[in-house]
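Listing of query.cif, mmCIF, C-alpha atoms and all ligand atoms
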```
data_my_file
#
loop_
_atom_site.label_atom_id
_atom_site.label_comp_id
_atom_site.auth_asym_id
_atom_site.auth_seq_id
_atom_site.Cartn_x
_atom_site.Cartn_y
_atom_site.Cartn_z
CA MET A 13 -48.45 -56.50 -21.46
CA GLN A 14 -47.74 -54.25 -24.42
CA GLU A 15 -50.58 -52.04 -23.30
CA THR A 16 -49.16 -51.80 -19.79
CA LEU A 17 -45.77 -50.84 -21.24
CA LYS A 18 -47.33 -48.13 -23.40
CA ASN A 19 -49.23 -46.63 -20.45
CA LEU A 20 -46.19 -46.84 -18.26
CA THR A 21 -44.00 -45.04 -20.81
CA ALA A 22 -46.64 -42.37 -21.32
CA THR A 23 -46.96 -41.67 -17.59
CA ALA A 24 -43.18 -41.67 -17.28
CA ARG A 25 -42.93 -39.02 -20.04
CA GLU A 26 -45.47 -36.81 -18.29
CA GLU A 27 -43.95 -37.21 -14.88
CA ILE A 28 -40.44 -36.53 -16.13
CA ALA A 29 -41.58 -33.43 -17.99
CA ALA A 30 -43.29 -32.18 -14.83
CA ALA A 31 -40.35 -32.79 -12.50
CA ALA A 32 -39.40 -29.54 -10.80
CA ASP A 33 -36.05 -30.34 -9.26
CA GLU A 34 -33.20 -32.83 -9.06
CA GLN A 35 -34.77 -34.69 -6.17
CA GLN A 36 -37.95 -35.43 -8.08
CA ILE A 37 -35.93 -36.64 -11.08
CA GLU A 38 -33.95 -38.94 -8.85
CA ALA A 39 -37.18 -40.33 -7.38
CA LEU A 40 -38.45 -41.01 -10.92
CA ARG A 41 -35.23 -42.75 -11.87
CA VAL A 42 -35.73 -45.10 -8.93
CA LYS A 43 -39.40 -45.51 -9.68
CA TYR A 44 -38.90 -46.60 -13.31
CA LEU A 45 -35.36 -47.84 -13.70
CA GLY A 46 -34.41 -48.91 -10.18
CA LYS A 47 -33.94 -52.54 -9.15
CA LYS A 48 -37.45 -52.60 -7.79
CA GLY A 49 -38.69 -50.22 -10.44
CA GLU A 50 -41.68 -50.67 -12.70
CA LEU A 51 -39.78 -51.50 -15.89
CA THR A 52 -37.63 -54.03 -14.07
CA ALA A 53 -40.83 -55.61 -12.79
CA LEU A 54 -42.12 -55.86 -16.37
CA LEU A 55 -38.91 -57.51 -17.53
CA LYS A 56 -39.17 -59.99 -14.73
CA GLY A 57 -42.77 -60.83 -15.76
CA MET A 58 -41.61 -61.82 -19.26
CA GLY A 59 -41.12 -65.39 -18.09
CA ALA A 60 -44.85 -65.85 -18.47
CA LEU A 61 -44.76 -65.03 -22.22
CA SER A 62 -44.47 -67.52 -25.03
CA PRO A 63 -40.99 -68.01 -26.54
CA GLU A 64 -42.11 -66.31 -29.78
CA GLU A 65 -43.41 -63.26 -27.99
CA ARG A 66 -40.47 -62.92 -25.65
CA PRO A 67 -37.82 -61.33 -27.98
CA LYS A 68 -40.24 -58.78 -29.37
CA MET A 69 -41.45 -57.80 -25.93
CA GLY A 70 -37.89 -57.72 -24.69
CA GLN A 71 -36.98 -55.29 -27.43
CA LEU A 72 -39.95 -53.06 -26.65
CA VAL A 73 -39.11 -52.95 -22.96
CA ASN A 74 -35.51 -52.14 -23.73
CA GLU A 75 -36.56 -49.37 -26.08
CA ALA A 76 -38.86 -47.93 -23.40
CA LYS A 77 -36.06 -48.21 -20.89
CA SER A 78 -33.56 -46.31 -22.99
CA GLU A 79 -36.17 -43.67 -23.87
CA ILE A 80 -36.96 -43.09 -20.20
CA ASP A 81 -33.28 -43.12 -19.34
CA GLY A 82 -32.61 -40.53 -22.06
CA LEU A 83 -35.50 -38.34 -20.95
CA ILE A 84 -34.35 -38.44 -17.34
CA GLY A 85 -30.78 -37.52 -18.41
CA GLU A 86 -31.98 -34.57 -20.49
CA LYS A 87 -34.33 -33.30 -17.82
CA SER A 88 -31.69 -33.64 -15.16
CA ALA A 89 -29.20 -31.61 -17.23
CA GLU A 90 -31.86 -29.01 -17.92
CA LEU A 91 -32.72 -28.67 -14.22
CA LYS A 92 -29.06 -28.45 -13.27
CA SER A 93 -28.34 -25.61 -15.65
CA ALA A 94 -31.56 -23.82 -14.63
CA ALA A 95 -30.51 -24.06 -10.99
CA GLN A 96 -27.09 -22.71 -11.88
CA ASN A 97 -28.51 -19.83 -13.88
CA LYS A 98 -30.78 -18.97 -11.02
CA ARG A 99 -27.87 -18.90 -8.60
CA LEU A 100 -25.74 -16.80 -10.95
CA LEU A 101 -28.59 -14.35 -11.29
CA GLU A 102 -29.03 -14.11 -7.56
CA GLU A 103 -25.33 -13.62 -6.95
CA THR A 104 -24.80 -10.98 -9.62
CA VAL A 105 -22.75 -8.00 -8.49
CA ASP A 106 -23.86 -4.71 -9.89
CA ILE A 107 -20.55 -3.09 -10.69
CA THR A 108 -22.25 0.20 -11.48
CA MET A 109 -23.38 0.62 -7.86
CA PRO A 110 -21.46 3.34 -6.01
CA ALA A 111 -18.86 1.79 -3.71
CA LYS A 112 -19.07 2.09 0.04
CA ARG A 113 -16.54 4.64 1.19
CA SER A 114 -14.33 3.43 3.97
CA ALA A 115 -13.06 6.12 6.29
CA VAL A 116 -9.40 6.88 5.70
CA GLY A 117 -7.43 8.18 8.65
CA GLY A 118 -4.76 10.82 8.39
CA LEU A 119 -1.78 12.02 10.33
CA HIS A 120 -2.27 14.50 13.14
CA PRO A 121 -1.11 17.95 12.00
CA LEU A 122 1.61 17.89 14.68
CA ASN A 123 2.94 14.64 13.23
CA LYS A 124 2.94 16.05 9.72
CA VAL A 125 5.03 19.02 10.71
CA LEU A 126 7.28 16.78 12.79
CA ASP A 127 7.72 14.34 9.89
CA ASP A 128 8.77 17.22 7.63
CA MET A 129 11.25 18.40 10.24
CA ILE A 130 12.68 14.95 10.73
CA ASP A 131 13.11 14.57 6.95
CA LEU A 132 14.86 17.89 6.76
CA PHE A 133 17.23 17.35 9.68
CA GLN A 134 18.02 13.81 8.61
CA SER A 135 18.98 15.17 5.20
CA MET A 136 21.46 17.42 7.05
CA GLY A 137 22.96 14.42 8.83
CA PHE A 138 21.11 14.56 12.16
CA ASP A 139 20.06 11.44 14.08
CA VAL A 140 16.67 11.31 15.82
CA VAL A 141 16.86 10.33 19.50
CA ASP A 142 14.29 9.84 22.22
CA GLY A 143 14.34 10.72 25.91
CA PRO A 144 12.16 10.01 28.95
CA GLU A 145 9.25 12.33 29.80
CA ALA A 146 9.64 11.63 33.51
CA GLU A 147 13.13 13.00 33.93
CA THR A 148 15.50 13.48 36.82
CA ASP A 149 16.14 16.96 38.13
CA TYR A 150 19.77 16.39 37.17
CA TYR A 151 19.22 15.97 33.42
CA CYS A 152 16.42 18.51 33.20
CA PHE A 153 18.17 21.28 35.18
CA GLU A 154 21.38 20.67 37.10
CA ALA A 155 23.50 19.31 34.29
CA LEU A 156 22.14 22.07 32.05
CA ASN A 157 23.79 24.65 34.25
CA VAL A 158 20.69 25.33 36.36
CA PRO A 159 21.55 24.46 39.98
CA LYS A 160 18.78 24.05 42.55
CA ASP A 161 18.81 27.64 43.84
CA HIS A 162 19.29 29.24 40.42
CA PRO A 163 16.75 31.97 39.57
CA ALA A 164 16.44 30.53 36.05
CA ARG A 165 14.33 27.75 37.58
CA ASP A 166 11.52 30.30 37.76
CA MET A 167 11.54 30.56 33.94
CA GLN A 168 9.69 27.28 33.80
CA ASP A 169 6.88 26.16 36.10
CA THR A 170 7.76 22.59 36.82
CA PHE A 171 5.57 19.61 37.69
CA TYR A 172 7.46 17.69 40.37
CA LEU A 173 6.87 13.94 40.60
CA GLY A 174 9.25 13.62 43.56
CA GLU A 175 12.14 15.57 45.02
CA ASN A 176 14.43 14.64 42.18
CA LEU A 177 11.97 13.59 39.51
CA VAL A 178 10.08 15.99 37.23
CA LEU A 179 7.97 15.92 34.10
CA ARG A 180 10.56 17.32 31.72
CA THR A 181 9.97 20.99 31.05
CA GLN A 182 12.22 20.97 28.00
CA THR A 183 13.65 18.46 25.56
CA SER A 184 17.03 20.03 26.37
CA ALA A 185 17.18 17.26 28.98
CA ALA A 186 18.19 14.93 26.13
CA GLN A 187 21.42 16.88 25.50
CA ILE A 188 23.35 15.47 28.44
CA ARG A 189 22.06 11.95 27.93
CA VAL A 190 23.33 12.06 24.35
CA MET A 191 26.72 13.56 25.23
CA GLU A 192 27.23 10.89 27.90
CA LYS A 193 26.70 8.15 25.33
CA ARG A 194 28.25 9.53 22.14
CA GLU A 195 31.56 10.91 21.09
CA PRO A 196 31.69 14.05 18.92
CA PRO A 197 30.85 14.70 16.14
CA ILE A 198 27.32 14.72 17.54
CA ARG A 199 24.34 15.81 15.47
CA ILE A 200 20.96 14.91 16.94
CA ILE A 201 17.42 16.11 17.23
CA CYS A 202 15.14 14.97 20.03
CA PRO A 203 11.43 15.57 19.46
CA GLY A 204 8.93 15.02 22.25
CA ARG A 205 6.35 16.15 24.75
CA VAL A 206 7.22 18.60 27.49
CA TYR A 207 5.20 19.77 30.49
CA ARG A 208 4.76 23.02 32.38
CA ALA A 209 2.28 24.07 35.04
CA ASP A 210 0.74 26.72 32.77
CA GLU A 211 -2.87 27.86 32.70
CA VAL A 212 -4.64 26.58 29.59
CA ASP A 213 -5.66 29.20 27.02
CA ALA A 214 -5.60 29.65 23.25
CA THR A 215 -1.80 29.80 23.17
CA HIS A 216 -0.79 27.83 26.28
CA SER A 217 -1.13 24.22 27.27
CA PRO A 218 0.43 22.34 30.19
CA VAL A 219 1.64 19.78 27.67
CA PHE A 220 3.22 20.81 24.40
CA HIS A 221 5.96 19.70 22.03
CA GLN A 222 9.55 20.66 21.38
CA VAL A 223 12.24 19.52 19.04
CA GLU A 224 15.68 19.81 20.56
CA GLY A 225 18.76 20.05 18.39
CA LEU A 226 22.36 19.55 19.40
CA VAL A 227 25.54 19.72 17.34
CA VAL A 228 28.98 19.20 18.91
CA ASP A 229 32.24 19.04 17.01
CA LYS A 230 35.57 20.78 16.65
CA GLY A 231 35.29 24.36 15.42
CA ILE A 232 31.51 24.80 15.56
CA THR A 233 30.57 28.50 15.60
CA LEU A 234 27.51 30.74 15.78
CA CYS A 235 27.68 30.96 11.97
CA ASP A 236 27.00 27.22 11.74
CA LEU A 237 23.97 27.69 13.97
CA LYS A 238 22.73 30.53 11.79
CA GLY A 239 23.21 28.61 8.55
CA CYS A 240 21.48 25.55 9.94
CA LEU A 241 18.48 27.47 11.24
CA GLU A 242 18.14 29.55 8.08
CA GLN A 243 17.96 26.41 6.02
CA PHE A 244 15.45 24.95 8.44
CA ALA A 245 13.21 28.06 8.34
CA GLN A 246 13.29 28.32 4.57
CA GLU A 247 12.44 24.66 4.08
CA ILE A 248 9.56 24.78 6.53
CA TYR A 249 8.14 28.27 5.79
CA GLY A 250 9.24 28.83 2.19
CA PRO A 251 12.42 30.09 0.45
CA GLU A 252 11.58 33.80 0.86
CA THR A 253 11.55 33.47 4.67
CA GLN A 254 14.07 35.60 6.57
CA VAL A 255 15.55 34.73 9.93
CA ARG A 256 16.51 37.15 12.69
CA PHE A 257 18.56 36.46 15.79
CA ARG A 258 17.86 38.43 18.98
CA PRO A 259 20.22 38.26 21.96
CA SER A 260 18.61 36.38 24.83
CA PHE A 261 19.44 34.35 27.88
CA PHE A 262 19.37 30.64 28.55
CA PRO A 263 21.48 29.11 31.30
CA PHE A 264 22.71 26.30 29.06
CA THR A 265 23.96 28.45 26.17
CA GLU A 266 26.40 31.34 25.86
CA PRO A 267 25.75 33.41 23.85
CA SER A 268 22.01 32.73 23.68
CA VAL A 269 19.60 33.88 21.01
CA GLU A 270 15.94 33.84 20.26
CA VAL A 271 15.13 33.26 16.64
CA ASP A 272 12.31 34.90 14.71
CA VAL A 273 11.15 34.23 11.16
CA THR A 274 9.26 36.64 8.91
CA CYS A 275 5.54 36.09 9.40
CA SER A 276 4.30 33.53 6.87
CA GLU A 277 0.86 35.14 6.95
CA CYS A 278 1.78 38.69 5.89
CA GLY A 279 5.33 38.17 4.60
CA GLY A 280 6.70 40.65 7.15
CA LYS A 281 4.31 43.59 6.68
CA GLY A 282 2.59 43.08 10.01
CA CYS A 283 -0.75 41.41 10.67
CA ARG A 284 -2.89 39.90 13.42
CA VAL A 285 -0.89 36.65 13.49
CA CYS A 286 2.44 38.42 14.17
CA LYS A 287 0.74 41.11 16.26
CA GLY A 288 1.82 43.73 13.76
CA THR A 289 5.55 43.08 14.15
CA GLY A 290 6.12 41.13 10.92
CA TRP A 291 8.08 38.49 12.88
CA ILE A 292 7.20 35.27 14.65
CA GLU A 293 9.40 33.77 17.35
CA ILE A 294 9.96 30.07 16.73
CA LEU A 295 12.86 28.93 18.84
CA GLY A 296 15.58 29.50 21.39
CA ALA A 297 19.18 28.61 20.64
CA GLY A 298 22.79 29.34 21.38
CA MET A 299 26.32 28.04 21.74
CA VAL A 300 26.42 25.20 24.25
CA HIS A 301 27.73 26.50 27.60
CA PRO A 302 31.14 25.05 28.58
CA ASN A 303 29.61 23.80 31.87
CA VAL A 304 27.07 21.79 29.89
CA LEU A 305 29.73 20.25 27.66
CA ARG A 306 31.69 19.36 30.77
CA ALA A 307 28.63 17.78 32.41
CA GLY A 308 28.27 15.66 29.28
CA GLY A 309 31.90 14.53 29.56
CA ILE A 310 33.13 16.64 26.63
CA ASP A 311 36.19 18.91 26.86
CA PRO A 312 35.10 22.50 26.05
CA ASP A 313 38.70 23.39 25.18
CA VAL A 314 38.62 20.94 22.30
CA TYR A 315 35.01 20.95 21.21
CA SER A 316 32.24 23.49 20.81
CA GLY A 317 28.62 23.12 19.89
CA PHE A 318 25.29 24.77 19.28
CA ALA A 319 21.83 23.80 20.49
CA PHE A 320 18.30 24.88 19.74
CA GLY A 321 14.81 24.16 21.02
CA ILE A 322 11.93 24.55 18.58
CA GLY A 323 8.30 24.84 19.67
CA LEU A 324 6.46 22.39 17.47
CA ASP A 325 2.94 23.50 18.41
CA ARG A 326 3.44 27.10 17.35
CA LEU A 327 4.97 25.94 14.09
CA THR A 328 1.94 23.77 13.45
CA THR A 329 -0.69 26.38 14.34
CA THR A 330 0.91 29.01 12.10
CA ARG A 331 1.41 26.59 9.21
CA TYR A 332 -2.18 25.37 9.23
CA LYS A 333 -3.71 28.65 10.47
CA ILE A 334 -5.10 26.97 13.58
CA SER A 335 -6.42 29.63 15.93
CA ASP A 336 -6.32 27.73 19.23
CA ILE A 337 -3.58 25.40 20.49
CA ARG A 338 -6.13 23.38 22.48
CA LEU A 339 -7.50 21.96 19.22
CA LEU A 340 -4.23 20.05 18.85
CA PHE A 341 -4.89 18.12 22.04
CA GLU A 342 -8.62 17.46 22.01
CA ASN A 343 -8.55 14.82 19.28
CA ASP A 344 -11.92 15.91 17.96
CA LEU A 345 -12.33 13.99 14.69
CA ARG A 346 -14.28 16.86 13.11
CA PHE A 347 -11.14 18.95 13.51
CA LEU A 348 -8.61 16.25 12.61
CA ASP A 349 -10.52 15.12 9.50
CA GLN A 350 -9.70 18.44 7.85
CA PHE A 351 -6.05 17.44 7.68
CA ALA A 352 -6.45 13.91 6.32
CA GLY A 353 -4.50 13.67 3.11
CA LYS A 354 -3.11 17.24 3.30
N1 LIG B 401 14.83 24.69 26.41
C1 LIG B 401 14.45 26.03 26.03
C2 LIG B 401 13.01 26.28 26.42
O1 LIG B 401 12.31 25.35 26.63
C3 LIG B 401 14.63 26.22 24.56
C4 LIG B 401 16.08 26.20 24.19
C5 LIG B 401 16.81 27.36 24.18
C6 LIG B 401 16.70 25.05 23.87
C7 LIG B 401 18.13 27.38 23.86
C8 LIG B 401 18.03 25.03 23.53
C9 LIG B 401 18.75 26.23 23.52
O2 LIG B 401 18.69 23.94 23.20
O3 LIG B 401 20.03 26.22 23.18
O4 LIG B 401 12.64 27.42 26.50
#
```
As structure tokens - that is how I would like this structure written.
Ligand code: DAH
Amino acid sequence: MQETLKNLTATAREEIAAAADEQQIEALRVKYLGKKGELTALLKGMGALSPEERPKMGQLVNEAKSEIDGLIGEKSAELKSAAQNKRLLEETVDITMPAKRSAVGGLHPLNKVLDDMIDLFQSMGFDVVDGPEAETDYYCFEALNVPKDHPARDMQDTFYLGENLVLRTQTSAAQIRVMEKREPPIRIICPGRVYRADEVDATHSPVFHQVEGLVVDKGITLCDLKGCLEQFAQEIYGPETQVRFRPSFFPFTEPSVEVDVTCSECGGKGCRVCKGTGWIEILGAGMVHPNVLRAGGIDPDVYSGFAFGIGLDRLTTTRYKISDIRLLFENDLRFLDQFAGK
């Protein structure tokens, strides 16, 4: 019996040392120490021994049992930590690897210029309002002092959606809507898309953008308009920019002006961008016509106001030196990417 125990312990040692994973160790635990295991079988067989032999043999079996138990415990811990090390090694992150660059979008150049304008006008106390692009003939023309048979209708080639519904040709349409809803003092800008049946070329598009401005209060004069627009031009184009007013005609203002700024490209000397004149036209403006104030429910004997309409596209193309207005509408990422983060 002692011999059997010796052999058994020796085989157990070998087998435990050779175990390659947790499962094999578990199988060995069952094989030697389990209820039906080999050592348990030996213990059970001790009944056949003489009473003198029994305690000695019992001690030997117990010693073998605790040795095997210890070996299994050690091996199991060893395998566990080896498995863990292996996993850690496999899951290592190489922090020196270059990171994957994720594409970062950017604002459309039109939106950048618009955001700057909104910031500026808000700092001067203007509210930003919105108006519909499909507009009634009334708000787009009639209420702005352009009756149906007025020759000024020919100034703008209009897309008609119905007899009395148009795609707005100008953000000026917002003026009356605002005056109907608000009491003076009124100070608003209305940015948005406008539409005209123009042929497409490098400087024309049937859809483009304007920012309308309207100020109505007691005692507003042309000087206020000039001061406001000078500040605007110098903030957008730089402090050295000069502004010039030229007399003009718009049905909804009297007097009306067109406003030029010194060319940001050549500083006023004359270049290709300003066609040699040194000036770039950026907007139309004027003192709100009494008929327009009246149409908006405001008494022209008490209040006066100025209005202006800025072409956003031209402002954007000159600021970013974009040679063709169509680029603003094509949404070609190769073009737009150049402005990301600028
Ligand atoms: N609506 C005009 C246009 O599209 C621009 C304009 C001129 C707007 C004078 C105004 C203004 O508010 O007072 O050509």
Point-to-point distance from atom C8 of ligand LIG 401 (chain B) to CA of Glu342 in chain A, Å rounded to tenths: 27.7 Å
Quick one: residues within 9 Å of Gly70 in chain A, only C-alpha atoms, excluding same-chain residues fewer than 5 positions away - as a VMD selection string? chain A and resid 55 58 65 75
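Residues of protein, DNA or RNA lying at most 8 Å from ligand LIG 401 (chain B), when all atoms listed in the file are considered, are Gln168, Thr181, Gln182, Thr183, Ser184, Gln187, Gln222, Glu224, Gly225, Leu226, Phe262, Phe264, Thr265, Ser268, Val269, Glu270, Leu295, Gly296, Ala297, Gly298, Met299, Val300, Phe318, Ala319, Phe320, Gly321 and Ile322 of chain A.
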Considering all atoms listed in the file, return as an MDAnalysis selection string whatever protein or nucleic-acid residues lie within 9 Å of Asp139 in chain A, sequence-local ones (same chain, fewer than 3 positions apart) excluded. chainID A and resid 130 133:134 198:202
Across A:Leu173, A:Ala24, A:Ala89, A:Cys286, the smallest distance to Ala39 in chain A, with all atoms listed in the file counted, is shown by A:Ala24
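The shortest atom-to-atom distance to Phe347 in chain A, with only C-alpha atoms taken into account, belongs to A:His120 out of A:Lys238, A:Lys287, A:His120, A:His216.
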Closest of A:Gly174, A:Gly288, A:Pro218, A:Pro203 to Leu324 in chain A - atom-to-atom distances counting all atoms listed in the file: A:Pro203
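The space separating CA of Val158 in chain A from CA of Cys240 in chain A comes to 26.4 Å.
Residues in contact range of Ala53 in chain A, defined as at most 12 Å between all atoms listed in the file, with sequence neighbours fewer than 4 positions away removed, read Met13, Thr16, Leu17, Leu20, Lys43, Tyr44, Leu45, Gly46, Lys47, Lys48, Gly49, Gly57, Met58, Gly59, Val73 and Lys77 of chain A.
Residue neighbourhood of range 244-257 of chain A, excluding near-sequence residues (fewer than 3 positions): A:Asp128, A:Met129, A:Leu132, A:Phe133, A:Cys240, A:Leu241, A:Val269, A:Glu270, A:Val271, A:Asp272, A:Val273, A:Thr274, A:Ser276, A:Gly279, A:Arg331, at 8 Å, using all atoms listed in the file.
Using only C-alpha atoms, the nearest neighbour of Leu305 in chain A within the list A:Ile84, A:Ala94, A:Leu122, A:Ala155 is A:Ala155.
Counting only C-alpha atoms and comparing A:Lys230, A:Arg346, A:Lys87, A:Arg338, the residue that lies closest to Arg326 in chain A is A:Arg338.
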Could you check how far CA of Lys18 in chain A sits from CA of Glu79 in chain A, in Å to one decimal? 12.0 Å
